[in-house]
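Undergrad: Input structure: work-v1.cif, which contains mmCIF, C-alpha atoms.
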```cif
data_model
loop_
_atom_site.label_atom_id
_atom_site.label_comp_id
_atom_site.auth_asym_id
_atom_site.auth_seq_id
_atom_site.Cartn_x
_atom_site.Cartn_y
_atom_site.Cartn_z
CA MET A 1350 -35.00 -21.24 53.92
CA SER A 1351 -37.50 -18.87 52.31
CA LYS A 1352 -39.33 -20.40 49.32
CA SER A 1353 -40.90 -18.72 46.28
CA ASP A 1354 -42.56 -19.66 43.04
CA VAL A 1355 -40.16 -17.68 40.81
CA LEU A 1356 -36.89 -16.13 41.98
CA ILE A 1357 -35.71 -13.27 39.79
CA VAL A 1358 -32.06 -12.36 40.20
CA GLY A 1359 -31.68 -8.74 39.16
CA GLY A 1360 -34.01 -5.82 39.81
CA GLY A 1361 -33.21 -3.79 36.69
CA VAL A 1362 -35.58 -3.04 33.86
CA ILE A 1363 -35.52 -6.59 32.45
CA GLY A 1364 -35.93 -8.32 35.81
CA LEU A 1365 -38.76 -5.98 36.82
CA ALA A 1366 -40.54 -6.28 33.46
CA GLY A 1367 -40.29 -10.05 33.72
CA ALA A 1368 -41.62 -9.94 37.27
CA LEU A 1369 -44.61 -7.82 36.29
CA ALA A 1370 -45.48 -10.01 33.31
CA LEU A 1371 -45.21 -13.17 35.42
CA LEU A 1372 -47.48 -11.68 38.08
CA HIS A 1373 -50.08 -10.87 35.44
CA ALA A 1374 -49.74 -14.47 34.23
CA GLY A 1375 -50.56 -15.75 37.71
CA ARG A 1376 -47.08 -16.64 38.97
CA GLY A 1377 -45.61 -15.50 42.29
CA VAL A 1378 -42.28 -13.67 42.18
CA ARG A 1379 -39.50 -12.59 44.49
CA VAL A 1380 -36.88 -10.24 43.03
CA LEU A 1381 -33.37 -10.27 44.54
CA GLU A 1382 -31.45 -7.04 43.87
CA SER A 1383 -27.93 -6.26 45.09
CA GLY A 1384 -28.64 -2.52 45.25
CA THR A 1385 -31.99 -0.80 44.94
CA ALA A 1386 -34.63 -1.59 42.34
CA GLY A 1387 -33.81 0.04 39.01
CA CYS A 1388 -30.36 1.30 40.01
CA GLY A 1389 -28.50 -0.41 37.15
CA SER A 1390 -27.77 0.33 33.52
CA SER A 1391 -31.28 1.61 32.69
CA HIS A 1392 -31.28 4.37 35.31
CA GLY A 1393 -29.27 6.91 33.32
CA ASN A 1394 -29.84 6.03 29.69
CA CYS A 1395 -31.56 8.41 27.32
CA GLY A 1396 -34.96 6.77 27.52
CA THR A 1397 -35.62 6.48 23.81
CA ILE A 1398 -37.85 3.62 22.65
CA THR A 1399 -36.27 2.82 19.33
CA PRO A 1400 -37.38 0.32 16.71
CA SER A 1401 -35.04 2.48 14.61
CA HIS A 1402 -32.12 0.79 16.41
CA ALA A 1403 -32.90 -2.59 14.87
CA ALA A 1404 -29.56 -2.65 13.04
CA PRO A 1405 -27.05 -4.55 15.23
CA LEU A 1406 -23.54 -3.38 16.05
CA THR A 1407 -22.21 -6.38 14.11
CA GLU A 1408 -22.11 -4.48 10.84
CA PRO A 1409 -19.38 -5.20 8.30
CA GLY A 1410 -16.27 -3.19 9.16
CA ALA A 1411 -17.21 -2.65 12.81
CA VAL A 1412 -14.15 -4.40 14.24
CA ALA A 1413 -11.67 -2.59 11.99
CA ARG A 1414 -13.24 0.72 12.98
CA ALA A 1415 -13.04 -0.16 16.67
CA LEU A 1416 -9.36 -1.09 16.37
CA ARG A 1417 -8.61 2.25 14.67
CA TRP A 1418 -10.40 4.06 17.49
CA MET A 1419 -8.27 2.38 20.19
CA ALA A 1420 -5.90 5.35 19.92
CA THR A 1421 -8.77 7.82 20.47
CA PRO A 1422 -10.02 7.55 24.08
CA ASP A 1423 -13.08 9.76 23.45
CA ALA A 1424 -14.18 7.93 20.28
CA PRO A 1425 -17.86 6.89 20.22
CA PHE A 1426 -16.80 3.22 20.30
CA TYR A 1427 -13.68 2.69 22.40
CA LEU A 1428 -11.81 -0.50 23.19
CA LYS A 1429 -9.42 0.09 26.08
CA PRO A 1430 -6.10 -1.66 25.31
CA ARG A 1431 -5.44 -4.34 27.95
CA PHE A 1432 -4.83 -8.04 28.46
CA ASP A 1433 -8.29 -9.58 28.84
CA PRO A 1434 -8.69 -13.11 27.38
CA ALA A 1435 -12.47 -13.10 27.94
CA LEU A 1436 -12.86 -9.84 26.02
CA TRP A 1437 -10.69 -10.94 23.13
CA GLY A 1438 -12.52 -14.24 22.88
CA TRP A 1439 -15.79 -12.31 22.82
CA MET A 1440 -14.39 -9.96 20.15
CA LEU A 1441 -13.45 -12.91 17.92
CA ARG A 1442 -16.99 -14.23 18.13
CA PHE A 1443 -18.35 -10.74 17.50
CA ALA A 1444 -16.03 -10.30 14.49
CA ALA A 1445 -17.21 -13.60 12.98
CA ARG A 1446 -20.72 -12.11 12.78
CA CYS A 1447 -19.67 -8.84 11.15
CA ASN A 1448 -20.86 -9.85 7.71
CA ARG A 1449 -23.80 -8.80 5.60
CA ARG A 1450 -25.81 -12.02 6.02
CA ASP A 1451 -25.59 -12.20 9.82
CA TRP A 1452 -26.14 -8.44 10.13
CA ARG A 1453 -29.43 -8.62 8.23
CA THR A 1454 -30.57 -11.78 10.04
CA ALA A 1455 -29.94 -10.18 13.42
CA MET A 1456 -31.66 -6.99 12.28
CA ALA A 1457 -34.86 -8.89 11.49
CA ALA A 1458 -34.87 -10.54 14.92
CA ARG A 1459 -34.15 -7.27 16.71
CA ALA A 1460 -36.90 -5.55 14.73
CA SER A 1461 -39.42 -8.17 15.83
CA ILE A 1462 -38.80 -7.69 19.56
CA LEU A 1463 -38.41 -3.91 19.31
CA ASP A 1464 -41.67 -3.52 17.39
CA ALA A 1465 -43.53 -5.82 19.79
CA SER A 1466 -42.19 -3.90 22.77
CA ARG A 1467 -43.02 -0.51 21.26
CA ARG A 1468 -46.61 -1.63 20.63
CA ALA A 1469 -46.98 -3.16 24.09
CA LEU A 1470 -45.50 -0.31 26.10
CA PRO A 1471 -48.51 2.07 25.95
CA GLU A 1472 -50.71 -0.86 27.04
CA TRP A 1473 -48.43 -1.58 30.02
CA ILE A 1474 -48.41 2.10 30.97
CA ALA A 1475 -52.21 2.29 30.90
CA ARG A 1476 -52.75 -1.07 32.62
CA ASP A 1477 -50.39 -0.44 35.53
CA ARG A 1478 -50.58 3.38 35.59
CA LEU A 1479 -46.83 3.84 34.99
CA ALA A 1480 -46.08 7.55 35.40
CA CYS A 1481 -42.86 7.77 33.37
CA GLU A 1482 -43.26 10.77 31.00
CA PHE A 1483 -43.93 8.53 28.00
CA GLU A 1484 -44.52 10.30 24.71
CA ALA A 1485 -44.92 8.90 21.20
CA SER A 1486 -42.54 11.58 20.01
CA GLY A 1487 -40.55 9.91 17.26
CA VAL A 1488 -36.77 10.28 17.13
CA ASP A 1489 -34.71 12.32 14.65
CA TYR A 1490 -31.20 11.44 13.46
CA VAL A 1491 -29.48 14.70 12.55
CA PHE A 1492 -26.57 14.94 10.08
CA ARG A 1493 -24.14 17.75 9.39
CA ASP A 1494 -22.30 15.80 6.70
CA ALA A 1495 -24.26 15.16 3.48
CA ALA A 1496 -22.00 12.22 2.61
CA GLU A 1497 -22.78 10.57 5.94
CA LEU A 1498 -26.50 11.02 5.32
CA ALA A 1499 -26.18 9.47 1.86
CA HIS A 1500 -24.21 6.53 3.29
CA PHE A 1501 -26.92 6.01 5.93
CA GLY A 1502 -29.36 5.34 3.11
CA ASP A 1503 -28.16 1.73 2.90
CA GLU A 1504 -29.20 1.13 6.51
CA LEU A 1505 -32.53 2.85 5.92
CA ARG A 1506 -33.32 0.50 3.04
CA ALA A 1507 -32.49 -2.51 5.19
CA LEU A 1508 -34.64 -1.14 8.02
CA GLU A 1509 -37.54 -0.60 5.65
CA GLU A 1510 -37.37 -4.28 4.68
CA VAL A 1511 -37.96 -5.27 8.33
CA GLY A 1512 -40.81 -2.81 8.76
CA VAL A 1513 -39.07 0.27 10.21
CA ALA A 1514 -40.33 3.34 8.35
CA SER A 1515 -38.39 6.58 8.06
CA GLU A 1516 -38.56 9.98 6.41
CA ILE A 1517 -35.60 11.99 5.10
CA ILE A 1518 -35.93 15.75 5.68
CA ASP A 1519 -33.86 18.38 3.88
CA GLY A 1520 -31.55 20.37 6.16
CA ASP A 1521 -33.07 23.79 5.46
CA ALA A 1522 -36.60 22.49 5.97
CA TYR A 1523 -35.56 20.79 9.17
CA LEU A 1524 -33.98 23.95 10.58
CA ARG A 1525 -37.11 25.97 9.82
CA ASP A 1526 -39.09 23.61 12.05
CA GLU A 1527 -36.45 23.06 14.75
CA PRO A 1528 -35.10 26.29 16.28
CA ALA A 1529 -32.97 24.42 18.83
CA LEU A 1530 -30.45 23.41 16.13
CA LEU A 1531 -27.51 25.46 14.91
CA PRO A 1532 -27.09 26.19 11.17
CA GLY A 1533 -25.20 23.67 9.10
CA VAL A 1534 -27.59 20.69 9.19
CA ALA A 1535 -27.33 18.71 5.96
CA GLY A 1536 -30.47 16.74 6.67
CA ALA A 1537 -32.31 14.58 9.15
CA VAL A 1538 -33.97 11.18 9.24
CA ARG A 1539 -37.19 10.96 11.20
CA PHE A 1540 -38.31 7.69 12.74
CA ALA A 1541 -41.89 8.59 13.61
CA GLY A 1542 -42.57 5.20 15.22
CA ASP A 1543 -40.01 5.75 18.00
CA ALA A 1544 -40.91 7.19 21.40
CA ARG A 1545 -39.37 8.30 24.68
CA LEU A 1546 -39.84 8.08 28.43
CA ARG A 1547 -37.89 8.96 31.57
CA PRO A 1548 -36.08 5.69 32.31
CA ASN A 1549 -35.41 6.13 36.03
CA ARG A 1550 -39.10 6.87 36.57
CA TYR A 1551 -40.06 3.92 34.37
CA VAL A 1552 -38.06 1.41 36.42
CA ALA A 1553 -39.33 2.97 39.67
CA GLU A 1554 -42.90 2.58 38.43
CA LEU A 1555 -42.27 -1.03 37.36
CA ALA A 1556 -41.05 -1.72 40.91
CA ARG A 1557 -44.15 -0.07 42.37
CA ALA A 1558 -46.42 -2.11 40.12
CA VAL A 1559 -44.64 -5.35 41.02
CA ARG A 1560 -45.16 -4.68 44.71
CA GLU A 1561 -48.79 -3.66 44.23
CA ARG A 1562 -49.45 -6.90 42.32
CA GLY A 1563 -48.12 -8.92 45.24
CA GLY A 1564 -44.51 -9.43 44.19
CA GLU A 1565 -41.65 -9.04 46.65
CA ILE A 1566 -38.46 -7.08 45.95
CA VAL A 1567 -35.58 -7.81 48.32
CA GLU A 1568 -33.08 -4.95 48.02
CA HIS A 1569 -29.44 -4.85 49.15
CA CYS A 1570 -29.39 -8.59 48.62
CA GLU A 1571 -26.27 -9.68 46.74
CA VAL A 1572 -26.63 -13.07 45.08
CA ARG A 1573 -23.34 -14.92 45.44
CA SER A 1574 -24.17 -18.20 43.76
CA ILE A 1575 -27.00 -20.12 42.15
CA ALA A 1576 -27.68 -23.84 42.29
CA ALA A 1577 -30.27 -25.94 40.49
CA ASP A 1578 -31.59 -29.44 41.01
CA GLY A 1579 -34.49 -31.52 39.81
CA ASP A 1580 -36.95 -29.83 42.17
CA GLY A 1581 -36.01 -26.18 41.70
CA THR A 1582 -33.35 -23.60 42.36
CA THR A 1583 -31.47 -21.99 45.24
CA ALA A 1584 -29.89 -18.53 45.37
CA SER A 1585 -27.27 -18.05 48.08
CA THR A 1586 -27.16 -14.38 49.03
CA SER A 1587 -25.80 -11.90 51.54
CA ARG A 1588 -29.17 -12.21 53.29
CA GLY A 1589 -29.37 -15.98 53.38
CA ASP A 1590 -30.58 -18.66 51.00
CA PHE A 1591 -33.74 -18.37 48.91
CA ARG A 1592 -35.45 -21.29 47.23
CA GLY A 1593 -37.57 -21.09 44.10
CA ARG A 1594 -39.40 -23.42 41.77
CA ASP A 1595 -37.94 -21.46 38.84
CA LEU A 1596 -35.23 -18.84 38.62
CA LEU A 1597 -34.79 -16.03 36.10
CA LEU A 1598 -31.24 -14.73 35.73
CA ALA A 1599 -31.57 -11.06 34.69
CA THR A 1600 -28.40 -9.45 36.01
CA GLY A 1601 -27.36 -7.70 32.81
CA ALA A 1602 -23.61 -7.42 32.37
CA TRP A 1603 -23.07 -9.50 35.54
CA SER A 1604 -24.93 -12.52 34.15
CA PRO A 1605 -21.81 -14.39 32.93
CA ARG A 1606 -20.32 -14.42 36.42
CA LEU A 1607 -23.36 -15.97 38.08
CA GLY A 1608 -24.04 -18.25 35.12
CA ARG A 1609 -20.55 -19.69 35.27
CA GLY A 1610 -21.36 -21.46 38.54
CA LEU A 1611 -24.13 -23.34 36.72
CA GLY A 1612 -21.88 -24.26 33.82
CA LEU A 1613 -23.62 -21.77 31.53
CA ARG A 1614 -21.86 -19.98 28.70
CA ILE A 1615 -23.28 -16.46 28.53
CA PRO A 1616 -21.10 -14.51 26.05
CA VAL A 1617 -21.85 -11.02 27.35
CA GLN A 1618 -19.39 -8.16 27.86
CA PRO A 1619 -20.02 -4.88 29.74
CA GLY A 1620 -20.23 -1.99 27.28
CA LYS A 1621 -19.87 1.14 29.39
CA GLY A 1622 -22.16 4.02 28.49
CA TYR A 1623 -22.24 7.55 29.91
CA SER A 1624 -24.77 10.30 30.38
CA ILE A 1625 -25.09 13.75 31.90
CA THR A 1626 -28.43 14.98 33.22
CA TYR A 1627 -29.25 18.69 33.54
CA ALA A 1628 -32.06 20.94 34.55
CA ARG A 1629 -34.08 21.64 31.41
CA PRO A 1630 -32.68 24.45 29.21
CA ALA A 1631 -34.97 27.17 27.87
CA LEU A 1632 -34.62 25.93 24.28
CA VAL A 1633 -34.75 22.17 23.72
CA PRO A 1634 -35.39 20.03 20.62
CA LYS A 1635 -38.97 19.07 19.90
CA ARG A 1636 -38.02 15.40 19.68
CA PRO A 1637 -35.20 13.23 20.98
CA LEU A 1638 -32.19 13.48 18.68
CA VAL A 1639 -29.28 11.30 17.64
CA LEU A 1640 -26.44 13.59 16.60
CA HIS A 1641 -25.11 11.14 14.08
CA GLU A 1642 -21.51 12.14 13.49
CA ARG A 1643 -20.86 12.38 17.22
CA SER A 1644 -23.07 9.46 18.32
CA VAL A 1645 -24.67 11.60 21.02
CA CYS A 1646 -28.29 11.12 22.05
CA VAL A 1647 -30.26 14.14 23.29
CA THR A 1648 -33.51 13.76 25.23
CA ALA A 1649 -35.63 16.44 26.86
CA TRP A 1650 -38.45 15.72 29.30
CA ASP A 1651 -40.65 18.12 31.21
CA SER A 1652 -38.49 17.27 34.22
CA GLY A 1653 -35.02 17.49 32.70
CA PHE A 1654 -32.53 17.16 29.86
CA ARG A 1655 -29.95 14.45 29.13
CA LEU A 1656 -26.97 13.87 26.87
CA GLY A 1657 -25.86 10.27 26.55
CA SER A 1658 -24.31 7.45 24.59
CA THR A 1659 -20.75 6.27 23.79
CA MET A 1660 -19.59 2.67 24.09
CA GLU A 1661 -16.47 1.83 26.08
CA PHE A 1662 -15.06 -1.65 26.57
CA SER A 1663 -13.05 -1.25 29.77
CA GLY A 1664 -14.30 -4.24 31.77
CA TYR A 1665 -16.05 -3.59 35.07
CA ASP A 1666 -14.26 -0.28 35.56
CA THR A 1667 -16.10 1.88 38.10
CA SER A 1668 -14.57 5.27 37.27
CA LEU A 1669 -16.24 8.18 35.50
CA ASN A 1670 -14.10 8.98 32.48
CA ARG A 1671 -14.02 12.78 32.36
CA ARG A 1672 -12.81 12.76 28.77
CA ARG A 1673 -15.84 10.81 27.61
CA LEU A 1674 -18.24 13.01 29.56
CA ALA A 1675 -16.63 16.08 27.97
CA ALA A 1676 -17.05 14.48 24.53
CA LEU A 1677 -20.83 14.38 25.08
CA GLU A 1678 -20.91 18.12 25.70
CA ARG A 1679 -18.55 18.90 22.80
CA GLY A 1680 -20.67 16.87 20.43
CA ALA A 1681 -23.87 18.55 21.57
CA ALA A 1682 -22.25 21.99 21.19
CA GLU A 1683 -21.67 21.32 17.48
CA PHE A 1684 -25.40 20.87 16.91
CA LEU A 1685 -27.44 22.65 19.59
CA ARG A 1686 -27.93 26.31 20.45
CA GLU A 1687 -28.26 25.33 24.12
CA PRO A 1688 -26.22 22.14 24.45
CA VAL A 1689 -26.37 21.95 28.25
CA GLY A 1690 -28.84 22.92 30.92
CA PRO A 1691 -28.50 25.61 33.62
CA ALA A 1692 -27.55 23.07 36.30
CA ARG A 1693 -25.79 19.71 36.07
CA GLU A 1694 -27.80 17.22 38.13
CA GLU A 1695 -26.08 13.88 37.55
CA GLU A 1696 -23.07 12.34 35.85
CA TRP A 1697 -23.60 8.65 35.25
CA TYR A 1698 -22.23 5.48 33.73
CA GLY A 1699 -23.79 2.07 33.26
CA TRP A 1700 -22.61 -1.30 31.98
CA ARG A 1701 -24.73 -2.38 29.04
CA PRO A 1702 -24.85 -6.17 28.58
CA LEU A 1703 -23.63 -6.81 25.04
CA SER A 1704 -23.89 -10.30 23.59
CA CYS A 1705 -21.41 -11.36 20.91
CA ASP A 1706 -24.15 -11.40 18.23
CA ASP A 1707 -25.89 -8.25 19.58
CA LEU A 1708 -29.12 -10.18 20.15
CA PRO A 1709 -30.70 -10.60 23.58
CA ILE A 1710 -30.44 -13.98 25.27
CA ILE A 1711 -33.93 -14.98 26.40
CA GLY A 1712 -35.23 -18.41 27.31
CA ARG A 1713 -34.68 -21.59 29.25
CA SER A 1714 -31.15 -22.59 30.18
CA PRO A 1715 -29.95 -25.45 27.99
CA ARG A 1716 -28.54 -27.19 31.09
CA HIS A 1717 -31.12 -26.65 33.84
CA PRO A 1718 -34.89 -26.91 33.23
CA HIS A 1719 -35.76 -24.60 36.14
CA VAL A 1720 -33.29 -21.84 35.18
CA TRP A 1721 -34.20 -19.11 32.70
CA ILE A 1722 -32.07 -16.31 31.24
CA ALA A 1723 -32.89 -12.77 30.11
CA THR A 1724 -29.83 -10.67 29.33
CA GLY A 1725 -27.73 -9.36 26.45
CA HIS A 1726 -29.99 -6.45 25.51
CA GLY A 1727 -27.06 -4.09 24.91
CA MET A 1728 -28.20 -0.49 24.67
CA LEU A 1729 -31.84 -1.49 24.26
CA GLY A 1730 -32.99 -2.90 27.60
CA VAL A 1731 -35.65 -0.22 28.06
CA SER A 1732 -36.72 -0.43 24.41
CA MET A 1733 -37.05 -4.24 24.56
CA SER A 1734 -38.31 -4.55 28.14
CA ALA A 1735 -42.04 -5.01 27.64
CA ALA A 1736 -41.68 -7.67 24.94
CA THR A 1737 -38.91 -9.43 26.87
CA GLY A 1738 -41.02 -9.57 30.02
CA GLN A 1739 -44.00 -10.87 28.08
CA LEU A 1740 -41.91 -13.47 26.25
CA ILE A 1741 -40.37 -14.77 29.47
CA ALA A 1742 -43.83 -15.10 31.05
CA GLU A 1743 -45.15 -16.94 28.00
CA LEU A 1744 -42.23 -19.37 27.89
CA MET A 1745 -42.24 -20.04 31.63
CA CYS A 1746 -46.01 -20.59 31.63
CA ALA A 1747 -45.97 -22.76 28.46
CA GLN A 1748 -48.10 -20.26 26.55
CA ALA A 1749 -47.87 -19.50 22.83
CA PRO A 1750 -45.18 -16.81 22.41
CA HIS A 1751 -46.22 -13.53 20.82
CA ILE A 1752 -42.94 -13.36 18.85
CA ASP A 1753 -40.65 -16.08 17.54
CA PRO A 1754 -38.33 -16.91 20.46
CA ALA A 1755 -35.84 -18.93 18.40
CA PRO A 1756 -33.38 -16.09 17.56
CA PHE A 1757 -32.98 -15.30 21.27
CA ASP A 1758 -32.74 -18.87 22.62
CA PRO A 1759 -29.71 -19.42 24.93
CA VAL A 1760 -29.19 -22.79 23.26
CA ARG A 1761 -27.32 -21.03 20.44
CA PHE A 1762 -24.36 -20.65 22.82
CA ALA A 1763 -24.57 -24.12 24.43
#
```
Please express what this file holds, its structure, as structure tokens.
TA:
Amino acid sequence: MSKSDVLIVGGGVIGLAGALALLHAGRGVRVLESGTAGCGSSHGNCGTITPSHAAPLTEPGAVARALRWMATPDAPFYLKPRFDPALWGWMLRFAARCNRRDWRTAMAARASILDASRRALPEWIARDRLACEFEASGVDYVFRDAAELAHFGDELRALEEVGVASEIIDGDAYLRDEPALLPGVAGAVRFAGDARLRPNRYVAELARAVRERGGEIVEHCEVRSIAADGDGTTASTSRGDFRGRDLLLATGAWSPRLGRGLGLRIPVQPGKGYSITYARPALVPKRPLVLHERSVCVTAWDSGFRLGSTMEFSGYDTSLNRRRLAALERGAAEFLREPVGPAREEEWYGWRPLSCDDLPIIGRSPRHPHVWIATGHGMLGVSMSAATGQLIAELMCAQAPHIDPAPFDPVRFA
């Protein structure tokens, strides 16, 4: 049986960021990935680095809105009607947190890890030479409905209290500076502290850096079960058994299935997101955009152009929903002069790991001292990756954590 210092199950953005941070902390790592490194839910997202997304999905009224949207298959937040006891149990726990107090508490915790990650990311890029088209661009939320912009003011005030600054720009002034937008913009909110990168290149570069630092990535290695004892951990895989002193479970939306064998309760559901990637149009926005009323994210890089977003609770469904892909293009066409690029390069979906309180789950397993968990990042795995990796390394190496780990501790679900 092959032995390692730290086994990391999952070669997505969180597993790779954890691997790199552990290597820099002096630990040895072996990453076990069922596909290829970085092929999961971070590959096709919009690549925005967003402290502006500190507000959790557990806002008051979220469940009622989701239930109304069940009859609208292309709604931004869609719950597919079906018999699924695990989903409905998760929804009840989610609903219990949809109150003002829990919303603001979760926002403060999310802001802490998002801000730490945003500050650390340029340092990681410089240290490990990560060629990922990073730019400290800011992100603009664009509104066509003045009432929606006014209503958003409540969230902006809450964000300001946790340190997320914003600027409201009048619609006419915004259009004078942004020729890519169609007339009819009521206003925009600029989050100058946000940034962007190309996520598939970011995860590929993390994998390269892990290998260069001496880590091993075993691809096409499906982990079928995990066991833990007093001396360490064992992962049974399609390529044999691997032994490790410690094990980090970082399999995103799949984490509950593997955790169940260890008696762990990991209340995560797969929230399916979609994107379409194009060759870059001639006229693109100067910054990444969130088209607010349609919940569509728009990102342009030197190497391409992407529309993404939507949230679909349909279990581990592997189909591409054409209606939801079309909704991305329809939404973009309401705002942009060139809503699509000259060539469609990729249609994509990914399962975002959503915890029932919309906070990541990071820390030692409450049942097994050699098992650690890093999952539940929802739509923000790329945005939270650097801080998550650093926090895992600090906790596993008994170092002082750079942010308060208590809000993310798996013990809250024990």
Undergrad: Please report the interatomic distance between CA of Arg1525 (chain A) and CA of Leu1656 (chain A) in Å with one decimal.
TA: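 Computed distance, CA of Arg1525 (chain A) to CA of Leu1656 (chain A), equals 23.2 Å.
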Undergrad: Apply the PyMOL selection byres ((chain A and resi 1543-1557) around 8) to the structure shown and report the selected residues as number ranges by chain.
TA: A: 1361-1362, 1365-1366, 1369, 1386-1387, 1391-1401, 1467, 1479-1488, 1540-1542, 1558-1561, 1566, 1637, 1650, 1731
Undergrad: To one decimal place in Å, what is the distance between CA of Arg1442 (chain A) and CA of Asp1706 (chain A)?
TA: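 Result for CA of Arg1442 (chain A) versus CA of Asp1706 (chain A): 7.7 Å, one decimal.
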Undergrad: I want to know what sits within 7 Å of Arg1629 (chain A), based on all atoms listed in the file, with residues of the same chain fewer than 3 positions away left out; could you give that as a list in words?
TA: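 The neighbour list is Ser1652, Gly1653, Phe1654 and Gly1690 of chain A.
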Undergrad: With the cut-off set at 9 Å and counting all atoms listed in the file, tabulate each residue of region 1662-1758 of chain A with an atom at most that distance from an atom of region 1443-1448 of chain A, showing the nearest atom pair and its distance in Å to one decimal, ordered by chain and increasing number, as JSON lines.
TA:
```
{"residue": "A:Ser1704", "atom": "CA", "partner": "A:Phe1443", "partner_atom": "CA", "distance": 8.2}
{"residue": "A:Cys1705", "atom": "CA", "partner": "A:Phe1443", "partner_atom": "CA", "distance": 4.6}
{"residue": "A:Asp1706", "atom": "CA", "partner": "A:Phe1443", "partner_atom": "CA", "distance": 5.9}
{"residue": "A:Asp1707", "atom": "CA", "partner": "A:Phe1443", "partner_atom": "CA", "distance": 8.2}
```
Undergrad: Evaluating the PyMOL selection byres ((chain A and resi 1756) around 9) on the displayed file yields which residues, as number ranges by chain?
TA: A: 1455, 1458-1459, 1708-1711, 1753-1755, 1757-1759, 1761
Undergrad: Go ahead and save the residues from that selection, with C-alpha atoms, as a PDB file, keeping the file's coordinate frame.
TA:
```pdb
ATOM      1  CA  ALA A1455     -29.940 -10.180  13.420  1.00  0.00           C
ATOM      2  CA  ALA A1458     -34.870 -10.540  14.920  1.00  0.00           C
ATOM      3  CA  ARG A1459     -34.150  -7.270  16.710  1.00  0.00           C
ATOM      4  CA  LEU A1708     -29.120 -10.180  20.150  1.00  0.00           C
ATOM      5  CA  PRO A1709     -30.700 -10.600  23.580  1.00  0.00           C
ATOM      6  CA  ILE A1710     -30.440 -13.980  25.270  1.00  0.00           C
ATOM      7  CA  ILE A1711     -33.930 -14.980  26.400  1.00  0.00           C
ATOM      8  CA  ASP A1753     -40.650 -16.080  17.540  1.00  0.00           C
ATOM      9  CA  PRO A1754     -38.330 -16.910  20.460  1.00  0.00           C
ATOM     10  CA  ALA A1755     -35.840 -18.930  18.400  1.00  0.00           C
ATOM     11  CA  PHE A1757     -32.980 -15.300  21.270  1.00  0.00           C
ATOM     12  CA  ASP A1758     -32.740 -18.870  22.620  1.00  0.00           C
ATOM     13  CA  PRO A1759     -29.710 -19.420  24.930  1.00  0.00           C
ATOM     14  CA  ARG A1761     -27.320 -21.030  20.440  1.00  0.00           C
TER      15      ARG A1761
END
```
Undergrad: Neighbouring residues of Asp1666 (chain A) were defined as those with any atom within 12 Å, considering all atoms listed in the file; residues of the same chain fewer than 6 positions away were excluded. Please report them as a list in words.
TA: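 Returned residues: Lys1429, Pro1619, Gly1620, Lys1621, Gly1622, Tyr1698, Gly1699 and Trp1700 of chain A.
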Undergrad: Near Asp1354 (chain A), counting only C-alpha atoms, which residues have an atom at most 12 Å away, once you skip same-chain residues fewer than 3 positions from it, shown as a PyMOL selection string?
TA: chain A and resi 1351+1357+1368+1371-1372+1375-1380+1564-1565+1580-1583+1591-1597+1719+1745-1746
Undergrad: Using C-alpha atoms, can you write the selected residues to a file as a tab-separated table (two decimals), keeping the file's coordinate frame?
TA:
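Produced file part36.tsv, reproduced below:
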```tsv
chain	number	residue	atom	x	y	z
A	1351	SER	CA	-37.50	-18.87	52.31
A	1357	ILE	CA	-35.71	-13.27	39.79
A	1368	ALA	CA	-41.62	-9.94	37.27
A	1371	LEU	CA	-45.21	-13.17	35.42
A	1372	LEU	CA	-47.48	-11.68	38.08
A	1375	GLY	CA	-50.56	-15.75	37.71
A	1376	ARG	CA	-47.08	-16.64	38.97
A	1377	GLY	CA	-45.61	-15.50	42.29
A	1378	VAL	CA	-42.28	-13.67	42.18
A	1379	ARG	CA	-39.50	-12.59	44.49
A	1380	VAL	CA	-36.88	-10.24	43.03
A	1564	GLY	CA	-44.51	-9.43	44.19
A	1565	GLU	CA	-41.65	-9.04	46.65
A	1580	ASP	CA	-36.95	-29.83	42.17
A	1581	GLY	CA	-36.01	-26.18	41.70
A	1582	THR	CA	-33.35	-23.60	42.36
A	1583	THR	CA	-31.47	-21.99	45.24
A	1591	PHE	CA	-33.74	-18.37	48.91
A	1592	ARG	CA	-35.45	-21.29	47.23
A	1593	GLY	CA	-37.57	-21.09	44.10
A	1594	ARG	CA	-39.40	-23.42	41.77
A	1595	ASP	CA	-37.94	-21.46	38.84
A	1596	LEU	CA	-35.23	-18.84	38.62
A	1597	LEU	CA	-34.79	-16.03	36.10
A	1719	HIS	CA	-35.76	-24.60	36.14
A	1745	MET	CA	-42.24	-20.04	31.63
A	1746	CYS	CA	-46.01	-20.59	31.63
```
